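Shown here: structure.cif, mmCIF, C-alpha atoms, pLDDT in the B column; chains and numbers go by the auth columns.
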data_input
loop_
_atom_site.group_PDB
_atom_site.id
_atom_site.type_symbol
_atom_site.label_atom_id
_atom_site.label_comp_id
_atom_site.label_asym_id
_atom_site.label_seq_id
_atom_site.Cartn_x
_atom_site.Cartn_y
_atom_site.Cartn_z
_atom_site.B_iso_or_equiv
_atom_site.auth_seq_id
_atom_site.auth_asym_id
ATOM 1 C CA MET A 1 50.248 83.824 104.761 69.00 1242 A
ATOM 2 C CA GLY A 2 53.806 82.537 104.634 85.00 1243 A
ATOM 3 C CA ASN A 3 55.618 80.040 106.752 88.00 1244 A
ATOM 4 C CA LYS A 4 58.077 81.027 109.448 91.00 1245 A
ATOM 5 C CA LYS A 5 60.770 78.731 110.704 91.00 1246 A
ATOM 6 C CA ILE A 6 61.238 78.738 114.481 91.00 1247 A
ATOM 7 C CA GLN A 7 63.442 76.773 116.825 94.00 1248 A
ATOM 8 C CA ILE A 8 61.929 75.087 119.884 93.00 1249 A
ATOM 9 C CA HIS A 9 63.475 73.090 122.678 96.00 1250 A
ATOM 10 C CA LEU A 10 61.639 70.006 123.918 96.00 1251 A
ATOM 11 C CA ASP A 11 62.442 68.054 127.036 97.00 1252 A
ATOM 12 C CA ALA A 12 63.531 64.463 126.440 97.00 1253 A
ATOM 13 C CA LEU A 13 60.167 62.893 127.300 98.00 1254 A
ATOM 14 C CA LEU A 14 58.149 65.256 125.106 97.00 1255 A
ATOM 15 C CA ASN A 15 60.601 64.764 122.257 97.00 1256 A
ATOM 16 C CA GLU A 16 60.255 60.981 122.507 98.00 1257 A
ATOM 17 C CA GLN A 17 56.458 61.229 122.642 98.00 1258 A
ATOM 18 C CA LEU A 18 56.486 63.433 119.544 98.00 1259 A
ATOM 19 C CA ARG A 19 58.748 61.029 117.655 98.00 1260 A
ATOM 20 C CA THR A 20 56.660 58.006 118.658 98.00 1261 A
ATOM 21 C CA TYR A 21 53.367 59.685 117.751 97.00 1262 A
ATOM 22 C CA SER A 22 54.705 60.898 114.413 97.00 1263 A
ATOM 23 C CA HIS A 23 56.104 57.489 113.510 98.00 1264 A
ATOM 24 C CA THR A 24 53.016 55.558 114.661 97.00 1265 A
ATOM 25 C CA ASN A 25 50.591 57.868 112.831 97.00 1266 A
ATOM 26 C CA MET A 26 52.838 58.389 109.793 97.00 1267 A
ATOM 27 C CA VAL A 27 52.755 62.168 110.082 97.00 1268 A
ATOM 28 C CA ASP A 28 55.730 64.493 110.222 96.00 1269 A
ATOM 29 C CA GLU A 29 56.629 66.185 113.500 97.00 1270 A
ATOM 30 C CA GLU A 30 56.027 69.673 112.087 96.00 1271 A
ATOM 31 C CA THR A 31 52.392 68.782 111.346 96.00 1272 A
ATOM 32 C CA VAL A 32 51.899 67.520 114.902 97.00 1273 A
ATOM 33 C CA ILE A 33 53.472 70.637 116.416 97.00 1274 A
ATOM 34 C CA ASN A 34 51.416 72.971 114.199 96.00 1275 A
ATOM 35 C CA ALA A 35 48.181 71.146 115.074 97.00 1276 A
ATOM 36 C CA ALA A 36 48.981 71.128 118.805 97.00 1277 A
ATOM 37 C CA LEU A 37 49.894 74.815 118.867 95.00 1278 A
ATOM 38 C CA ARG A 38 46.801 75.772 116.852 94.00 1279 A
ATOM 39 C CA GLN A 39 44.567 73.768 119.222 94.00 1280 A
ATOM 40 C CA TYR A 40 46.216 75.341 122.273 92.00 1281 A
ATOM 41 C CA LEU A 41 45.815 78.893 120.965 89.00 1282 A
ATOM 42 C CA GLU A 42 42.209 78.364 119.885 86.00 1283 A
ATOM 43 C CA ALA A 43 41.346 76.941 123.312 84.00 1284 A
ATOM 44 C CA ALA A 44 42.986 79.927 125.032 76.00 1285 A
ATOM 45 C CA GLN A 45 41.171 82.535 122.902 77.00 1286 A
ATOM 46 C CA PRO A 46 37.708 82.235 124.513 72.00 1287 A
ATOM 47 C CA ARG A 47 39.252 82.619 127.970 76.00 1288 A
ATOM 48 C CA SER A 48 40.942 85.854 126.924 75.00 1289 A
ATOM 49 C CA SER A 49 37.687 87.188 125.497 78.00 1290 A
ATOM 50 C CA GLU A 50 35.801 86.187 128.642 81.00 1291 A
ATOM 51 C CA LEU A 51 38.375 87.915 130.835 81.00 1292 A
ATOM 52 C CA ALA A 52 38.194 91.101 128.766 83.00 1293 A
ATOM 53 C CA ALA A 53 34.389 91.103 128.982 85.00 1294 A
ATOM 54 C CA GLY A 54 34.585 90.560 132.744 85.00 1295 A
ATOM 55 C CA TYR A 55 36.975 93.484 133.190 85.00 1296 A
ATOM 56 C CA LYS A 56 34.675 95.737 131.163 89.00 1297 A
ATOM 57 C CA GLU A 57 31.675 94.628 133.209 90.00 1298 A
ATOM 58 C CA MET A 58 33.454 95.172 136.523 90.00 1299 A
ATOM 59 C CA GLY A 59 34.827 98.618 135.580 87.00 1300 A
ATOM 60 C CA PRO A 60 31.843 100.682 136.776 90.00 1301 A
ATOM 61 C CA ILE A 61 31.534 98.591 139.938 90.00 1302 A
ATOM 62 C CA ASN A 62 35.225 99.051 140.729 86.00 1303 A
ATOM 63 C CA ARG A 63 34.957 102.816 140.145 88.00 1304 A
ATOM 64 C CA ALA A 64 31.979 103.015 142.524 87.00 1305 A
ATOM 65 C CA ILE A 65 33.817 101.030 145.189 87.00 1306 A
ATOM 66 C CA SER A 66 36.922 103.197 144.932 86.00 1307 A
ATOM 67 C CA ALA A 67 34.817 106.391 145.020 83.00 1308 A
ATOM 68 C CA ASP A 68 33.111 105.170 148.209 80.00 1309 A
ATOM 69 C CA TYR A 69 36.464 104.237 149.708 80.00 1310 A
ATOM 70 C CA ALA A 70 38.017 107.582 148.754 78.00 1311 A
ATOM 71 C CA ALA A 71 35.122 109.466 150.378 72.00 1312 A
ATOM 72 C CA THR A 72 35.472 107.421 153.571 73.00 1313 A
ATOM 73 C CA GLU A 73 39.219 107.949 153.619 68.00 1314 A
ATOM 74 C CA GLU A 74 38.761 111.696 153.147 67.00 1315 A
ATOM 75 C CA LYS A 75 36.390 111.835 156.158 65.00 1316 A
ATOM 76 C CA ASP A 76 38.924 109.928 158.266 64.00 1317 A
ATOM 77 C CA GLU A 77 41.709 112.307 157.263 65.00 1318 A
ATOM 78 C CA ARG A 78 39.588 115.317 158.275 66.00 1319 A
ATOM 79 C CA ARG A 79 39.121 113.806 161.737 67.00 1320 A
ATOM 80 C CA ILE A 80 42.869 113.346 162.128 66.00 1321 A
ATOM 81 C CA ILE A 81 43.662 116.949 161.205 61.00 1322 A
#
Rewrite the coordinates I just gave you, this time as structure tokens.
Amino acid sequence: MGNKKIQIHLDALLNEQLRTYSHTNMVDEETVINAALRQYLEAAQPRSSELAAGYKEMGPINRAISADYAATEEKDERRII
């Protein structure tokens, strides 16, 4: 896997925090950004998987609810006509 150069824009406070952290811990800013982004994405992954599982689980329930609603709506429309 190769490296890709990207450009990011940091607000002044975040930029200063990054510079201070990098200097204090003797690590370059790129390493800090890579570690932070990796941690953020790894933390977000389980939530995405949980959401997908929840949608799959709720699918049959949602279909049943909409079928019941459609049947009720059809009865109401017959009364109007």
- [ ] Please indicate the distance in Å from CA of Glu1270 in chain A to CA of Asn1256 in chain A, rounded to one decimal place.
- [x]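 CA of Glu1270 in chain A sits 9.7 Å away from CA of Asn1256 in chain A.
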- [ ] State, in Å with one decimal place, the distance from CA of Glu1298 in chain A to CA of Leu1282 in chain A.
- [x] 24.4 Å
TODO: Find, counting only C-alpha atoms, the residue in A:Leu1254, A:Ala1311, A:Ser1290, A:Leu1259 that gets nearest to Ala1277 in chain A.
DONE: A:Leu1259
Open item on the list: Rounded to one decimal, what separation in Å do you get between CA of Lys1246 in chain A and CA of Asn1275 in chain A?
Closed with: 11.5 Å
Just need the box for range 1258-1263 of chain A, edges along x, y and z, holding every atom the file lists for it with 8 Å tacked onto each side, so centre and edge lengths in Å to one decimal, as JSON.
{"center_x": 56.1, "center_y": 60.7, "center_z": 118.5, "size_x": 21.4, "size_y": 21.4, "size_z": 24.2}
